[in-house]
$ cat protein07.tsv   # TSV, C-alpha atoms and all ligand atoms
chain	number	residue	atom	x	y	z
A	24	MET	CA	108.80	99.33	90.48
A	25	ASN	CA	108.78	95.64	91.15
A	26	VAL	CA	109.35	94.53	94.72
A	27	ALA	CA	108.68	90.93	93.67
A	28	THR	CA	111.99	91.02	91.79
A	29	PRO	CA	114.33	92.60	94.28
A	30	ALA	CA	117.31	94.58	93.07
A	31	ILE	CA	118.75	94.57	96.57
A	32	GLU	CA	118.05	92.21	99.44
A	33	VAL	CA	119.60	92.89	102.83
A	34	ARG	CA	118.95	90.53	105.71
A	35	GLN	CA	119.79	91.03	109.37
A	36	LEU	CA	122.90	93.12	108.91
A	37	ARG	CA	124.89	93.75	112.05
A	38	LYS	CA	128.02	95.81	112.39
A	39	THR	CA	129.88	97.02	115.46
A	40	TYR	CA	132.83	99.41	115.46
A	41	ARG	CA	134.91	98.99	118.60
A	42	GLY	CA	131.94	98.85	120.92
A	43	THR	CA	129.69	101.18	118.88
A	44	THR	CA	126.75	99.38	117.31
A	45	ALA	CA	126.39	100.87	113.84
A	46	LEU	CA	123.85	98.33	112.53
A	47	ASP	CA	121.56	96.30	114.75
A	48	GLY	CA	119.73	93.92	112.42
A	49	VAL	CA	118.92	95.81	109.21
A	50	ASP	CA	116.49	94.27	106.69
A	51	LEU	CA	115.82	95.96	103.37
A	52	THR	CA	114.28	94.96	100.06
A	53	VAL	CA	114.64	97.35	97.13
A	54	GLY	CA	112.48	96.50	94.11
A	55	THR	CA	113.82	96.76	90.58
A	56	GLY	CA	113.14	100.11	88.96
A	57	GLU	CA	112.26	102.04	92.09
A	58	ILE	CA	113.84	105.05	93.72
A	59	PHE	CA	114.33	103.89	97.28
A	60	GLY	CA	115.28	106.48	99.88
A	61	ILE	CA	117.21	105.82	103.06
A	62	LEU	CA	116.51	108.54	105.61
A	63	GLY	CA	117.64	109.03	109.16
A	64	PRO	CA	119.55	111.33	111.47
A	65	ASN	CA	123.35	111.42	111.36
A	66	GLY	CA	124.77	108.33	112.99
A	67	ALA	CA	121.66	106.21	112.21
A	68	GLY	CA	123.67	103.76	110.09
A	69	LYS	CA	122.82	104.84	106.53
A	70	THR	CA	126.39	105.06	105.26
A	71	THR	CA	127.40	101.80	106.90
A	72	THR	CA	124.43	100.08	105.24
A	73	VAL	CA	125.28	101.30	101.75
A	74	GLU	CA	128.99	100.66	102.21
A	75	ILE	CA	128.14	97.05	102.97
A	76	ILE	CA	125.86	96.88	99.91
A	77	GLU	CA	128.75	98.28	97.86
A	78	GLY	CA	131.09	95.64	99.26
A	79	LEU	CA	133.35	98.28	100.84
A	80	THR	CA	132.69	97.35	104.47
A	81	SER	CA	132.09	93.79	105.65
A	82	PRO	CA	129.26	93.16	108.11
A	83	ASP	CA	129.75	91.18	111.33
A	84	SER	CA	126.77	89.09	110.26
A	85	GLY	CA	123.86	89.13	107.85
A	86	SER	CA	123.60	88.87	104.10
A	87	VAL	CA	123.42	91.16	101.07
A	88	HIS	CA	122.47	90.40	97.49
A	89	VAL	CA	122.48	92.90	94.64
A	90	LEU	CA	120.61	91.34	91.68
A	91	GLY	CA	121.48	88.01	93.24
A	92	ILE	CA	125.19	88.84	93.59
A	93	ASP	CA	126.93	88.58	96.95
A	94	PRO	CA	129.22	91.67	97.02
A	95	PHE	CA	131.85	89.87	99.07
A	96	ALA	CA	131.91	86.65	97.06
A	97	ASP	CA	131.91	88.21	93.58
A	98	ARG	CA	133.31	91.73	93.53
A	99	ASP	CA	133.86	91.82	89.79
A	100	ALA	CA	130.28	90.84	89.03
A	101	LEU	CA	129.07	93.50	91.47
A	102	ARG	CA	131.15	96.20	89.80
A	103	GLN	CA	129.41	95.48	86.49
A	104	VAL	CA	125.90	96.05	87.85
A	105	LEU	CA	126.31	98.57	90.66
A	106	GLY	CA	127.16	102.22	90.18
A	107	ALA	CA	128.39	103.98	93.28
A	108	GLN	CA	129.68	107.49	93.67
A	109	LEU	CA	133.22	108.32	94.59
A	110	GLN	CA	134.02	107.90	98.22
A	111	GLU	CA	135.82	110.59	100.20
A	112	SER	CA	138.82	110.17	97.93
A	113	ARG	CA	138.51	112.86	95.35
A	114	LEU	CA	139.77	112.92	91.83
A	115	PRO	CA	143.22	114.33	91.06
A	116	ALA	CA	142.84	118.13	90.99
A	117	LYS	CA	144.21	118.52	87.48
A	118	LEU	CA	142.22	115.70	85.88
A	119	ARG	CA	139.83	117.18	83.32
A	120	VAL	CA	136.14	116.29	83.31
A	121	ARG	CA	136.14	114.44	80.00
A	122	GLU	CA	139.34	112.55	80.88
A	123	ALA	CA	137.84	111.40	84.16
A	124	VAL	CA	134.68	110.06	82.49
A	125	LYS	CA	136.78	108.42	79.76
A	126	LEU	CA	138.98	106.74	82.37
A	127	TYR	CA	135.98	105.32	84.23
A	128	ALA	CA	134.34	104.25	80.94
A	129	SER	CA	137.44	102.18	80.18
A	130	PHE	CA	136.65	99.92	83.16
A	131	TYR	CA	133.44	98.61	81.53
A	132	PRO	CA	132.69	96.46	78.48
A	133	ASP	CA	129.80	98.58	77.15
A	134	PRO	CA	129.99	102.06	78.63
A	135	VAL	CA	127.76	105.01	77.76
A	136	PRO	CA	129.65	107.03	75.12
A	137	VAL	CA	131.64	109.67	77.02
A	138	ASP	CA	130.12	112.70	75.31
A	139	GLU	CA	126.60	111.36	75.77
A	140	MET	CA	127.29	110.87	79.48
A	141	LEU	CA	128.57	114.45	79.79
A	142	GLU	CA	125.45	115.70	78.04
A	143	ARG	CA	123.16	113.72	80.37
A	144	VAL	CA	124.61	115.33	83.49
A	145	GLY	CA	124.91	118.77	81.89
A	146	LEU	CA	128.70	118.96	81.88
A	147	THR	CA	129.32	119.23	78.14
A	148	ASP	CA	130.58	122.79	78.38
A	149	LYS	CA	132.86	121.83	81.30
A	150	ARG	CA	134.49	118.89	79.54
A	151	SER	CA	137.95	120.50	79.51
A	152	THR	CA	137.73	121.93	83.02
A	153	PRO	CA	140.02	120.33	85.62
A	154	PHE	CA	138.29	118.78	88.65
A	155	GLU	CA	139.57	121.59	90.90
A	156	GLY	CA	137.83	124.19	88.71
A	157	LEU	CA	134.33	122.74	89.19
A	158	SER	CA	131.68	124.13	91.54
A	159	GLY	CA	130.27	121.85	94.23
A	160	GLY	CA	127.23	121.05	92.09
A	161	GLN	CA	129.37	120.30	89.06
A	162	GLN	CA	131.56	117.97	91.12
A	163	GLN	CA	128.41	116.18	92.26
A	164	ARG	CA	127.24	115.81	88.68
A	165	LEU	CA	130.65	114.48	87.64
A	166	SER	CA	130.54	111.97	90.45
A	167	ILE	CA	127.12	110.81	89.21
A	168	ALA	CA	128.47	110.55	85.65
A	169	LEU	CA	131.28	108.33	86.92
A	170	ALA	CA	128.76	106.18	88.79
A	171	LEU	CA	126.59	105.77	85.71
A	172	VAL	CA	128.99	105.54	82.79
A	173	GLY	CA	129.28	101.76	83.09
A	174	ARG	CA	125.50	101.37	82.56
A	175	PRO	CA	124.83	99.97	86.02
A	176	LYS	CA	121.47	98.40	86.80
A	177	VAL	CA	121.52	99.76	90.34
A	178	ALA	CA	122.93	103.12	91.44
A	179	ILE	CA	123.59	104.29	94.98
A	180	LEU	CA	123.55	108.06	95.33
A	181	ASP	CA	124.58	109.62	98.63
A	182	GLU	CA	123.45	113.16	99.52
A	183	VAL	CA	123.70	114.22	95.89
A	184	THR	CA	122.02	117.58	96.35
A	185	THR	CA	123.83	118.75	99.46
A	186	GLY	CA	125.35	122.14	98.78
A	187	LEU	CA	123.41	122.73	95.57
A	188	ASP	CA	121.43	125.91	94.97
A	189	PRO	CA	117.67	125.43	94.41
A	190	THR	CA	117.94	125.49	90.61
A	191	ALA	CA	120.74	122.95	90.52
A	192	ARG	CA	118.88	120.80	93.05
A	193	ARG	CA	115.80	120.69	90.84
A	194	ALA	CA	117.91	119.80	87.82
A	195	MET	CA	119.48	116.96	89.82
A	196	TRP	CA	116.03	115.71	90.86
A	197	GLN	CA	114.97	115.60	87.22
A	198	THR	CA	118.14	113.68	86.32
A	199	ILE	CA	117.34	111.08	88.99
A	200	LEU	CA	113.70	110.75	87.88
A	201	ASP	CA	114.85	110.32	84.27
A	202	LEU	CA	117.27	107.59	85.36
A	203	ARG	CA	114.48	105.74	87.13
A	204	ASP	CA	112.26	106.09	84.07
A	205	SER	CA	115.01	104.56	81.95
A	206	GLY	CA	114.87	101.44	84.15
A	207	LEU	CA	117.62	102.08	86.67
A	208	THR	CA	117.07	101.16	90.32
A	209	VAL	CA	118.21	104.05	92.52
A	210	VAL	CA	119.04	104.01	96.21
A	211	LEU	CA	119.12	107.56	97.49
A	212	ILE	CA	120.50	108.60	100.85
A	213	THR	CA	119.13	111.96	101.78
A	214	HIS	CA	118.30	114.10	104.76
A	215	PHE	CA	116.07	116.44	102.76
A	216	MET	CA	112.47	115.48	103.41
A	217	GLU	CA	111.19	117.42	100.41
A	218	GLU	CA	113.62	115.51	98.22
A	219	ALA	CA	112.39	112.19	99.58
A	220	GLU	CA	108.74	113.21	99.03
A	221	ARG	CA	109.38	114.34	95.47
A	222	LEU	CA	111.57	111.47	94.31
A	223	CYS	CA	111.24	108.31	96.31
A	224	ASP	CA	108.79	105.54	95.47
A	225	ARG	CA	109.47	104.14	98.94
A	226	VAL	CA	111.66	105.13	101.85
A	227	ALA	CA	113.20	103.40	104.84
A	228	LEU	CA	113.62	105.43	108.01
A	229	MET	CA	116.64	104.45	110.08
A	230	ARG	CA	117.32	105.13	113.71
A	231	GLY	CA	120.04	103.72	115.95
A	232	GLY	CA	121.14	101.06	113.47
A	233	ARG	CA	117.63	99.80	112.76
A	234	ILE	CA	114.93	100.39	110.19
A	235	VAL	CA	111.96	101.90	112.01
A	236	ALA	CA	109.60	102.23	109.02
A	237	THR	CA	109.51	101.29	105.34
A	238	ASP	CA	106.72	102.51	103.08
A	239	THR	CA	105.80	105.11	100.52
A	240	THR	CA	106.26	108.60	101.95
A	241	GLY	CA	102.47	109.01	101.92
A	242	GLY	CA	102.06	105.71	103.75
A	243	ILE	CA	104.55	106.70	106.44
A	244	ILE	CA	102.84	110.05	106.97
A	245	GLU	CA	99.42	108.41	107.13
A	246	SER	CA	100.43	105.69	109.57
A	247	THR	CA	102.42	107.93	111.93
A	248	VAL	CA	101.02	111.43	111.97
A	249	GLY	CA	97.67	110.60	110.38
A	250	GLY	CA	95.91	113.00	108.10
A	251	GLN	CA	95.55	116.48	109.55
A	252	ARG	CA	95.55	118.62	112.62
A	253	VAL	CA	92.84	121.26	112.80
A	254	THR	CA	93.47	123.96	115.38
A	255	PHE	CA	91.05	126.65	116.54
A	256	ASP	CA	90.31	128.86	119.54
A	257	VAL	CA	87.11	128.79	121.57
A	258	ALA	CA	85.92	131.34	124.09
A	259	GLY	CA	84.03	129.07	126.49
A	260	ARG	CA	83.90	125.41	127.45
A	261	VAL	CA	85.55	122.98	125.04
A	262	PRO	CA	83.20	120.09	124.10
A	263	VAL	CA	86.02	117.54	124.09
A	264	ALA	CA	83.91	114.39	124.31
A	265	ASP	CA	81.58	115.61	121.53
A	266	LEU	CA	84.55	116.45	119.30
A	267	GLU	CA	86.05	113.01	119.91
A	268	ARG	CA	82.86	111.37	118.66
A	269	LEU	CA	82.88	113.18	115.29
A	270	PRO	CA	83.57	110.98	112.25
A	271	GLY	CA	87.26	110.89	111.27
A	272	VAL	CA	88.52	112.33	114.57
A	273	THR	CA	91.37	110.35	116.16
A	274	GLY	CA	92.36	112.69	118.96
A	275	VAL	CA	91.61	115.99	120.68
A	276	GLU	CA	94.13	118.06	122.63
A	277	VAL	CA	93.28	121.18	124.58
A	278	ASP	CA	95.83	123.84	125.42
A	279	GLY	CA	94.05	126.66	127.30
A	280	SER	CA	91.52	128.11	124.86
A	281	THR	CA	93.25	126.47	121.88
A	282	VAL	CA	91.93	123.13	120.62
A	283	HIS	CA	93.80	120.72	118.36
A	284	VAL	CA	91.75	118.03	116.64
A	285	LEU	CA	93.63	115.23	114.90
A	286	GLY	CA	92.04	113.07	112.26
A	287	ARG	CA	91.36	112.17	108.68
A	288	GLY	CA	88.90	113.04	105.94
A	289	ASP	CA	87.04	116.34	105.63
A	290	LEU	CA	87.78	117.39	109.21
A	291	VAL	CA	87.29	121.14	108.90
A	292	THR	CA	83.76	120.79	107.58
A	293	ALA	CA	82.86	118.20	110.20
A	294	ILE	CA	84.23	120.31	113.06
A	295	THR	CA	82.91	123.70	112.04
A	296	GLY	CA	79.49	122.22	111.21
A	297	ALA	CA	79.31	120.55	114.61
A	298	LEU	CA	80.47	123.66	116.50
A	299	HIS	CA	77.75	125.71	114.78
A	300	GLY	CA	75.20	123.05	115.69
A	301	TRP	CA	76.29	123.08	119.35
A	302	GLY	CA	76.31	126.86	119.42
A	303	VAL	CA	79.99	126.95	120.34
A	304	GLY	CA	81.75	130.09	119.13
A	305	TYR	CA	85.19	129.58	117.56
A	306	GLU	CA	87.79	131.58	115.67
A	307	ARG	CA	91.14	131.31	113.91
A	308	VAL	CA	90.76	127.86	112.30
A	309	ARG	CA	94.12	126.57	111.02
A	310	VAL	CA	94.78	123.29	109.21
A	311	HIS	CA	98.10	121.51	109.34
A	312	GLN	CA	98.63	118.62	106.98
A	313	GLY	CA	100.97	115.95	108.34
A	314	THR	CA	104.35	116.04	106.62
A	315	LEU	CA	107.25	113.66	106.27
A	316	ASP	CA	109.13	115.99	108.63
A	317	ASP	CA	106.49	115.35	111.32
A	318	ALA	CA	106.68	111.60	110.72
A	319	PHE	CA	110.47	111.70	110.81
A	320	LEU	CA	110.40	113.57	114.09
A	321	GLN	CA	107.91	111.14	115.59
A	322	LEU	CA	109.71	108.00	114.41
A	323	THR	CA	113.30	109.02	115.02
A	324	GLY	CA	112.82	111.48	117.87
A	325	THR	CA	115.08	113.82	115.94
A	326	ALA	CA	114.32	116.69	113.59
A	327	ALA	CA	115.45	115.97	110.03
A	328	GLY	CA	119.04	116.99	109.39
A	329	ARG	CA	120.09	116.78	113.08
A	330	THR	CA	122.26	114.13	114.63
A	331	GLU	CA	121.21	111.34	116.99
A	332	GLU	CA	123.60	112.83	119.56
A	333	ASP	CA	121.64	116.12	119.49
A	334	ARG	CA	118.67	114.44	121.08
B	1	LIG	P1	124.90	107.76	109.01
B	1	LIG	O1	125.40	107.52	107.64
B	1	LIG	O2	123.43	107.46	109.16
B	1	LIG	O3	125.22	109.11	109.52
B	1	LIG	P2	126.94	105.89	109.84
B	1	LIG	O4	126.64	104.60	109.16
B	1	LIG	O5	128.01	106.74	109.26
B	1	LIG	O6	125.58	106.70	110.01
B	1	LIG	O7	127.34	105.60	111.35
B	1	LIG	C1	126.62	104.73	112.22
B	1	LIG	C2	127.36	104.65	113.55
B	1	LIG	O8	128.59	103.96	113.37
B	1	LIG	C3	127.72	105.99	114.16
B	1	LIG	O9	127.61	105.87	115.55
B	1	LIG	C4	129.15	106.19	113.73
B	1	LIG	O10	129.82	106.99	114.67
B	1	LIG	C5	129.69	104.77	113.75
B	1	LIG	N1	130.75	104.57	112.73
B	1	LIG	C6	130.59	104.61	111.39
B	1	LIG	N2	131.77	104.37	110.77
B	1	LIG	C7	132.69	104.16	111.74
B	1	LIG	C8	134.10	103.84	111.76
B	1	LIG	N3	134.77	103.68	110.61
B	1	LIG	N4	134.70	103.70	112.96
B	1	LIG	C9	134.01	103.84	114.11
B	1	LIG	N5	132.70	104.13	114.17
B	1	LIG	C10	132.03	104.29	113.01
$ encode --input "protein07.tsv" --output "structure tokens"
Amino acid sequence: MNVATPAIEVRQLRKTYRGTTALDGVDLTVGTGEIFGILGPNGAGKTTTVEIIEGLTSPDSGSVHVLGIDPFADRDALRQVLGAQLQESRLPAKLRVREAVKLYASFYPDPVPVDEMLERVGLTDKRSTPFEGLSGGQQQRLSIALALVGRPKVAILDEVTTGLDPTARRAMWQTILDLRDSGLTVVLITHFMEEAERLCDRVALMRGGRIVATDTTGGIIESTVGGQRVTFDVAGRVPVADLERLPGVTGVEVDGSTVHVLGRGDLVTAITGALHGWGVGYERVRVHQGTLDDAFLQLTGTAAGRTEEDR
């Protein structure tokens, strides 16, 4: 990835829908050749952001450039470099898979050959199937084929694995990784934390129309929920102050006889060694590694996959 050469630059986007603030000053820089995830609870502003990048929705203020192109000033140029999936509008029910890809290919000067595109998304054996005869996963793959057939330099993929079974989801992940490795820049909207951790070089977390964090998934976990939480039970007095002074410890919480120690590094060894040394008996040591789910919860106040209104 190359953040120095941005594929997408978004500055101070604002958008209000009849009194509802959808975007409240969004800044994003997506480097060329990276898989960049946009995460956030429902209603956070993810769709509005990508619709503006795609030139489908105009912002109240702010600027967008995709490989230097302003989507609102030069729509035709944008269409040649940006691959976006179908919007809500679906394909005609009777349109066959190969016909659909051929139709989309005809919009571009140098499309991927139709049969090669079908092969890449694993739809070769469905080429004569009408759209209405495809499973959810196959429809998703067709929609990706249509987004990619024009050889875009940047692709925006929105919830591409929703509704897929685990095998199909893994196949889709591999497709996306292969696309990145072939030089494509991918923006991925997802609410699956595992998906973001597996695929994304960097992610932006959105909440209430703002970006609340942008980093690698590891960086976000490290800076929000730190390294680990070690939990154990003690029978007698809890040596809180002594635990707090151990190397790597960033916090100690006591809940009755249960102690939670937060920190980084080789915490378990440090804690158990010290407890032995102090003659403090302990049992049931558990280690919890911080996850993107924990970070998401902390930064957005909402469990992944829930809506802002649920809070
Ligand atoms: P996300 O994709 O993260 O779920 P959206 O960008 O769809 O979030 O929505 C952000 C906010 O803008 C929400 O409060 C949503 O209700 C509102 N919103 C989005 N689109 C419209 C619209 N066309 N009309 C009115 N409100 C909208």
$ residues_around --input "protein07.tsv" --residues "segment 278-289 of chain A" --least-positions-apart "3" --cutoff "10 Å" --atoms "only C-alpha atoms" --output "PyMOL selection string"
chain A and resi 245+248-263+266-267+269-275+292-294+305-313
$ residues_near_ligand --input "protein07.tsv" --ligand "ligand LIG 1 (chain B)" --cutoff "9 Å" --atoms "all atoms listed in the file" --output "NGL selection string"
:A and (38-46 or 61-74 or 212 or 229-232 or 330-332)
$ residues_around --input "protein07.tsv" --residues "segment 160-171 of chain A" --least-positions-apart "4" --cutoff "6 Å" --atoms "all atoms listed in the file" --output "NGL selection string"
:A and (106-108 or 124 or 144 or 187)
$ write_last_selection --input "protein07.tsv" --atoms "C-alpha atoms" --output "compact mmCIF listing (two decimals), in the coordinates of the input"
# COMPACT_ATOMS: atom_id res chain seq x y z
CA GLY A 106 127.16 102.22 90.18
CA ALA A 107 128.39 103.98 93.28
CA GLN A 108 129.68 107.49 93.67
CA VAL A 124 134.68 110.06 82.49
CA VAL A 144 124.61 115.33 83.49
CA LEU A 187 123.41 122.73 95.57
$ atom_distance --input "protein07.tsv" --atom1 "atom CA of Val235 of chain A" --atom2 "atom CA of Gly85 of chain A"
17.9 Å
$ atom_distance --input "protein07.tsv" --atom1 "atom CA of Arg174 of chain A" --atom2 "atom CA of Leu207 of chain A"
8.9 Å
$ closest_residue --input "protein07.tsv" --among "A:Ser86, A:Thr239, A:Thr314, A:Thr185" --to "Asp50 of chain A" --atoms "all atoms listed in the file"
A:Ser86
$ residues_around --input "protein07.tsv" --residues "segment 217-221 of chain A" --least-positions-apart "6" --cutoff "10 Å" --atoms "only C-alpha atoms" --output "list in words"
Ile58, Phe59, Gly60, Ile61, Leu62, Thr184, Arg192, Arg193, Trp196, Leu200, Leu211, Thr239, Thr240, Gly241, Thr314, Leu315 and Asp316 of chain A
$ atom_distance --input "protein07.tsv" --atom1 "atom CA of Phe154 of chain A" --atom2 "atom CA of Val120 of chain A"
6.3 Å
$ closest_residue --input "protein07.tsv" --among "A:Ala30, A:Ala116, A:Val303, A:Ala264" --to "Ile76 of chain A" --atoms "all atoms listed in the file"
A:Ala30
$ residues_around --input "protein07.tsv" --residues "Ser151 of chain A" --least-positions-apart "5" --cutoff "9 Å" --atoms "all atoms listed in the file" --output "PyMOL selection string"
chain A and resi 119-122
$ closest_residue --input "protein07.tsv" --among "A:Thr198, A:Thr28, A:Gln321, A:Thr295" --to "Gly91 of chain A" --atoms "all atoms listed in the file"
A:Thr28
$ closest_residue --input "protein07.tsv" --among "A:Val172, A:Leu36, A:Val209, A:Ala194" --to "Phe130 of chain A" --atoms "all atoms listed in the file"
A:Val172
$ residues_around --input "protein07.tsv" --residues "Arg102 of chain A" --least-positions-apart "3" --cutoff "9 Å" --atoms "all atoms listed in the file" --output "PDB file with C-alpha atoms, keeping the file's coordinate frame"
ATOM      1  CA  GLU A  77     128.750  98.280  97.860  1.00  0.00           C
ATOM      2  CA  PRO A  94     129.220  91.670  97.020  1.00  0.00           C
ATOM      3  CA  ASP A  97     131.910  88.210  93.580  1.00  0.00           C
ATOM      4  CA  ARG A  98     133.310  91.730  93.530  1.00  0.00           C
ATOM      5  CA  ASP A  99     133.860  91.820  89.790  1.00  0.00           C
ATOM      6  CA  LEU A 105     126.310  98.570  90.660  1.00  0.00           C
ATOM      7  CA  GLY A 106     127.160 102.220  90.180  1.00  0.00           C
ATOM      8  CA  ALA A 107     128.390 103.980  93.280  1.00  0.00           C
ATOM      9  CA  TYR A 131     133.440  98.610  81.530  1.00  0.00           C
ATOM     10  CA  GLY A 173     129.280 101.760  83.090  1.00  0.00           C
ATOM     11  CA  PRO A 175     124.830  99.970  86.020  1.00  0.00           C
TER      12      PRO A 175
END
$ closest_atom_pairs --input "protein07.tsv" --of "segment 25-69 of chain A" --to "segment 176-180 of chain A" --cutoff "9 Å" --atoms "all atoms listed in the file" --output "Markdown table"
| residue | atom | partner | partner_atom | distance |
| --- | --- | --- | --- | --- |
| A:Ala30 | CA | A:Val177 | CA | 7.2 |
| A:Ile31 | CA | A:Val177 | CA | 8.6 |
| A:Thr55 | CA | A:Val177 | CA | 8.3 |
| A:Gly56 | CA | A:Val177 | CA | 8.5 |
$ closest_residue --input "protein07.tsv" --among "A:Ser84, A:Val137, A:Thr247, A:Pro29" --to "Arg150 of chain A" --atoms "all atoms listed in the file"
A:Val137
$ closest_residue --input "protein07.tsv" --among "A:Val291, A:Val277, A:Val226, A:Ser81" --to "Phe319 of chain A" --atoms "all atoms listed in the file"
A:Val226
